[in-house]
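Step one of this worksheet: look at the structure below.
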Amino acid sequence: MPERVKIVVPGDDPVQIAGSPNLERLTPYGDVTIHQTRPGDSAEKITRVGDAAIVINSRGAVTWREADLRALPKLKMITTCSIGTDMIDLVVAKELGIVVSNQPGRTAPAVAEHMFALMFAVAKRAAFQTAELKAGRWTRALNVMLQGKTCGIVGTGAVGAEMARLAKAIGMDVIAWTYNPTPERAADLGVRFVDLDELLRAADVVSLHVKLTDDSRRLIGARELALMKDDAILLNGARGDVVDMAALRDALMVGRFTGAGLDVFPDEPLPADDPILDCEQVVLTPHAADSTPEAVELLNEGAVDNVIAFLEGRPQNNVAV
């Protein structure tokens with residue numbers, strides 16, 4: 001057995017992996033330290049990790065930029081409890097030889113189910129009508145029937161593929177856009193690939209599932225929103241910065257779109273004075289698409305799997321390549 005290593009969870013807030021039975025699987029390999037509050041600043045974060053060889057990054061709010069990584073010469077591996085890796089500077093990690101392992105597609109069914117639910121909540125104006133009734137007002141408004149409508153999937157990875165399956169199951173026509181479309185992928189998904197502008201013009205529901213990169217940052221801006229139908233629904237289960245939030249708010253405030261369902265935001269936690277909160281026809285959840293007991297433990301299991309694979313000399317899911 002190789003020498004025991006130090007493994008640190010630098011900020012498990014809200015709780016993700018603390019208390020997970022999967023952590024017991026690491027006992028033969030090393031000592032695990034869990035910090036249950038978020039680090040106040042970069043210096044505290046570096047101090048917490050110290051001379052650890054491995055970081056289990058259970059929360060995306062804990063970021064690892066160039067200065068952080070260069071300050072940790074003993075760090076050999078970071079695993080996320082997520083699919084996304086935008087909280088880590090992958091270019092610098094590669095330069096420093098730090099393995100970064102994520103969990104592609106692991107919780108796709110849970111995330112797609114959540115976004116599917118947000119689609120219905122927006123279409124049936126559930127949040128707006130609940131607020132009206134709580135305020136003592138009997139406000140009736142036309143809802144949207146989704147069967148027979150067109151769902152446009154932007155990004156056809158594991159989550160987008162599952163969202164397409166669910167949409168087809170209720171009788172929606174599904175079109176899709178991806179950076180690298182192929183006839184084989186279209187056949188596998190049972191969808192028709194179109195260019196992004198065509199999708200935005202044709203879709204009654206636009207559902208975003210791309211990873212955040214320089215290319216996808218503000219992929220949906222004022223121009224793209226203007227192409228969409230006036231009664232369309234926008235769903236974002238990707239990352240907050242995929243959408244120009246100011247442009248989206250402007251469109252919603254003048255009555256364009258049936259509404260929006262958002263699980264992700266540029267700033268998380270969402271500030272109490274964020275302008276999107278002024279909009280009536282939005283349904284918002286706090287980056288909670290994979291927050292089910294089943295999905296949480298799947299991610300914990302996957303993070304531990306990644307650590308063990310790395311320590312046994314067969315690193316998997318390495319995205320810093």
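A note on labels: chains of the structure tokens are A, B, ... as shown, every chain counts residues from 1, and ligands are counted from 1 in their shown order.
Around Asp31 (chain A), within 8 Å and counting only C-alpha atoms, the residues found are Arg4, Val5, Lys6 and Ile7 of chain A, once anything fewer than 6 positions away on its own chain is removed.
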Helix (DSSP H, G or I) call set, DSSP backbone run, region 20-181 of chain A, as a PyMOL selection string: chain A and resi 21-26+42-49+66-70+90-96+108-123+126-134+158-169
Taking only C-alpha atoms into account, produce a table as CSV in which each residue of region 122-241 of chain A with an atom at most 7 Å from an atom of region 105-114 of chain A appears once, together with its shortest atom pair and the distance in Å to one decimal, ordered by chain and rising number.
residue,atom,partner,partner_atom,distance
A:Ala158,CA,A:Gly105,CA,5.0
A:Val159,CA,A:Ala108,CA,4.6
A:Glu162,CA,A:Ala112,CA,6.0
A:Met163,CA,A:Ala112,CA,5.1
Region 220-230 of chain A surroundings by only C-alpha atoms, 6 Å radius, close-in-sequence under 2 positions cut, as a VMD selection string: chain A and resid 200 to 201 218 232 243 to 244 247 256 to 257
Print the selection's residues with C-alpha atoms to a file, as a PDB file, in the first residue's frame.
ATOM      1  CA  LEU A 200     -34.182  30.219 -31.366  1.00  0.00           C
ATOM      2  CA  ARG A 201     -36.731  31.283 -33.959  1.00  0.00           C
ATOM      3  CA  ARG A 218     -23.216  34.966 -22.956  1.00  0.00           C
ATOM      4  CA  ALA A 232     -41.277  31.397 -25.624  1.00  0.00           C
ATOM      5  CA  VAL A 243     -27.112  34.057 -20.504  1.00  0.00           C
ATOM      6  CA  ASP A 244     -26.848  37.840 -20.535  1.00  0.00           C
ATOM      7  CA  ALA A 247     -30.826  41.454 -21.422  1.00  0.00           C
ATOM      8  CA  ARG A 256     -41.680  39.272 -23.775  1.00  0.00           C
ATOM      9  CA  PHE A 257     -41.717  35.519 -23.222  1.00  0.00           C
TER      10      PHE A 257
END
Straight-line distance linking CA of Ile88 (chain A) with CA of Arg65 (chain A), stated in Å to one decimal: 5.9 Å
Close residues, region 81-87 of chain A itself excluded, 8 Å, only C-alpha atoms, min 6 positions apart in chain, as a PyMOL selection string: chain A and resi 56-65+102-106+211-213+299-300+302-303
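When CA of Ala53 (chain A) is paired with CA of Lys76 (chain A), their separation reads 5.1 Å.
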A:Leu270, A:Ala161, A:Val15, A:Leu75 ranked by distance to Val99 (chain A), top pick (using only C-alpha atoms):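 That would be A:Leu75, the residue with the smallest distance to Val99 (chain A).
Taking CA of Asp231 (chain A) and CA of Asp204 (chain A) as the two end points, the separation is 7.3 Å.
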Non-local contacts of Lys168 (chain A) (12 Å; only C-alpha atoms; under 5 positions in same chain excluded) as a PyMOL selection string: chain A and resi 116+146-153+161-163+173-175+189-191
Deliver the residues from the most recent selection as a file, using N, CA, C and O atoms, as a PDB file, in the first residue's frame.
ATOM      1  N   PHE A 116     -36.967  19.859 -16.453  1.00  0.00           N
ATOM      2  CA  PHE A 116     -38.270  19.489 -17.000  1.00  0.00           C
ATOM      3  C   PHE A 116     -39.376  20.031 -16.101  1.00  0.00           C
ATOM      4  O   PHE A 116     -40.387  20.571 -16.580  1.00  0.00           O
ATOM      5  N   LEU A 146     -47.865  22.260 -23.381  1.00  0.00           N
ATOM      6  CA  LEU A 146     -46.560  21.900 -23.918  1.00  0.00           C
ATOM      7  C   LEU A 146     -46.623  20.788 -24.964  1.00  0.00           C
ATOM      8  O   LEU A 146     -45.780  20.733 -25.861  1.00  0.00           O
ATOM      9  N   GLN A 147     -47.596  19.911 -24.861  1.00  0.00           N
ATOM     10  CA  GLN A 147     -47.706  18.841 -25.842  1.00  0.00           C
ATOM     11  C   GLN A 147     -47.927  19.440 -27.233  1.00  0.00           C
ATOM     12  O   GLN A 147     -48.725  20.345 -27.417  1.00  0.00           O
ATOM     13  N   GLY A 148     -47.163  18.943 -28.191  1.00  0.00           N
ATOM     14  CA  GLY A 148     -47.268  19.443 -29.555  1.00  0.00           C
ATOM     15  C   GLY A 148     -46.412  20.652 -29.847  1.00  0.00           C
ATOM     16  O   GLY A 148     -46.312  21.077 -30.999  1.00  0.00           O
ATOM     17  N   LYS A 149     -45.775  21.214 -28.813  1.00  0.00           N
ATOM     18  CA  LYS A 149     -44.906  22.365 -29.010  1.00  0.00           C
ATOM     19  C   LYS A 149     -43.479  21.906 -29.343  1.00  0.00           C
ATOM     20  O   LYS A 149     -43.155  20.723 -29.267  1.00  0.00           O
ATOM     21  N   THR A 150     -42.618  22.864 -29.682  1.00  0.00           N
ATOM     22  CA  THR A 150     -41.239  22.556 -30.066  1.00  0.00           C
ATOM     23  C   THR A 150     -40.291  22.916 -28.938  1.00  0.00           C
ATOM     24  O   THR A 150     -40.303  24.038 -28.439  1.00  0.00           O
ATOM     25  N   CYS A 151     -39.472  21.947 -28.550  1.00  0.00           N
ATOM     26  CA  CYS A 151     -38.444  22.158 -27.539  1.00  0.00           C
ATOM     27  C   CYS A 151     -37.087  22.214 -28.232  1.00  0.00           C
ATOM     28  O   CYS A 151     -36.718  21.289 -28.963  1.00  0.00           O
ATOM     29  N   GLY A 152     -36.353  23.285 -28.008  1.00  0.00           N
ATOM     30  CA  GLY A 152     -35.021  23.435 -28.584  1.00  0.00           C
ATOM     31  C   GLY A 152     -33.961  23.195 -27.531  1.00  0.00           C
ATOM     32  O   GLY A 152     -33.873  23.939 -26.551  1.00  0.00           O
ATOM     33  N   ILE A 153     -33.159  22.165 -27.722  1.00  0.00           N
ATOM     34  CA  ILE A 153     -32.123  21.788 -26.771  1.00  0.00           C
ATOM     35  C   ILE A 153     -30.798  22.385 -27.236  1.00  0.00           C
ATOM     36  O   ILE A 153     -30.325  22.104 -28.343  1.00  0.00           O
ATOM     37  N   ALA A 161     -29.344  15.402 -23.599  1.00  0.00           N
ATOM     38  CA  ALA A 161     -29.919  14.192 -24.196  1.00  0.00           C
ATOM     39  C   ALA A 161     -31.098  13.692 -23.383  1.00  0.00           C
ATOM     40  O   ALA A 161     -32.131  13.272 -23.936  1.00  0.00           O
ATOM     41  N   GLU A 162     -30.973  13.725 -22.066  1.00  0.00           N
ATOM     42  CA  GLU A 162     -32.074  13.273 -21.207  1.00  0.00           C
ATOM     43  C   GLU A 162     -33.253  14.238 -21.289  1.00  0.00           C
ATOM     44  O   GLU A 162     -34.414  13.824 -21.270  1.00  0.00           O
ATOM     45  N   MET A 163     -32.961  15.527 -21.379  1.00  0.00           N
ATOM     46  CA  MET A 163     -34.039  16.511 -21.525  1.00  0.00           C
ATOM     47  C   MET A 163     -34.785  16.280 -22.826  1.00  0.00           C
ATOM     48  O   MET A 163     -36.020  16.392 -22.878  1.00  0.00           O
ATOM     49  N   ASP A 173     -42.054  18.188 -30.153  1.00  0.00           N
ATOM     50  CA  ASP A 173     -41.086  18.054 -31.249  1.00  0.00           C
ATOM     51  C   ASP A 173     -39.762  18.616 -30.739  1.00  0.00           C
ATOM     52  O   ASP A 173     -39.736  19.714 -30.162  1.00  0.00           O
ATOM     53  N   VAL A 174     -38.667  17.890 -30.914  1.00  0.00           N
ATOM     54  CA  VAL A 174     -37.388  18.311 -30.357  1.00  0.00           C
ATOM     55  C   VAL A 174     -36.399  18.608 -31.468  1.00  0.00           C
ATOM     56  O   VAL A 174     -36.150  17.768 -32.340  1.00  0.00           O
ATOM     57  N   ILE A 175     -35.853  19.822 -31.428  1.00  0.00           N
ATOM     58  CA  ILE A 175     -34.742  20.196 -32.287  1.00  0.00           C
ATOM     59  C   ILE A 175     -33.565  20.517 -31.384  1.00  0.00           C
ATOM     60  O   ILE A 175     -33.732  20.728 -30.177  1.00  0.00           O
ATOM     61  N   LEU A 189     -30.125  10.451 -30.595  1.00  0.00           N
ATOM     62  CA  LEU A 189     -31.021  11.249 -29.764  1.00  0.00           C
ATOM     63  C   LEU A 189     -32.440  11.298 -30.309  1.00  0.00           C
ATOM     64  O   LEU A 189     -33.367  11.663 -29.583  1.00  0.00           O
ATOM     65  N   GLY A 190     -32.591  10.980 -31.577  1.00  0.00           N
ATOM     66  CA  GLY A 190     -33.905  11.108 -32.199  1.00  0.00           C
ATOM     67  C   GLY A 190     -34.322  12.558 -32.368  1.00  0.00           C
ATOM     68  O   GLY A 190     -35.501  12.896 -32.227  1.00  0.00           O
ATOM     69  N   VAL A 191     -33.353  13.418 -32.686  1.00  0.00           N
ATOM     70  CA  VAL A 191     -33.636  14.843 -32.857  1.00  0.00           C
ATOM     71  C   VAL A 191     -33.096  15.310 -34.193  1.00  0.00           C
ATOM     72  O   VAL A 191     -32.333  14.612 -34.863  1.00  0.00           O
TER      73      VAL A 191
END
Distance query region 140-145 of chain A at most 12 Å, only C-alpha atoms, self and fewer than 2 positions along chain excluded, as a ChimeraX atom specification: /A:119-126,128-130,132-133,137-138,147-150,170-172,204-205,231-233,257-259,281
Members of region 157-286 of chain A assigned strand (DSSP E or B) by DSSP, as a list of chain:residue names: A:Asp173, A:Val174, A:Ile175, A:Ala176, A:Trp177, A:Arg192, A:Phe193, A:Val205, A:Val206, A:Ser207, A:Leu208, A:Ile220, A:Ile233, A:Leu234, A:Leu235, A:Asn236, A:Val243, A:Gly259, A:Ala260, A:Gly261, A:Leu262, A:Val282, A:Val283, A:Leu284
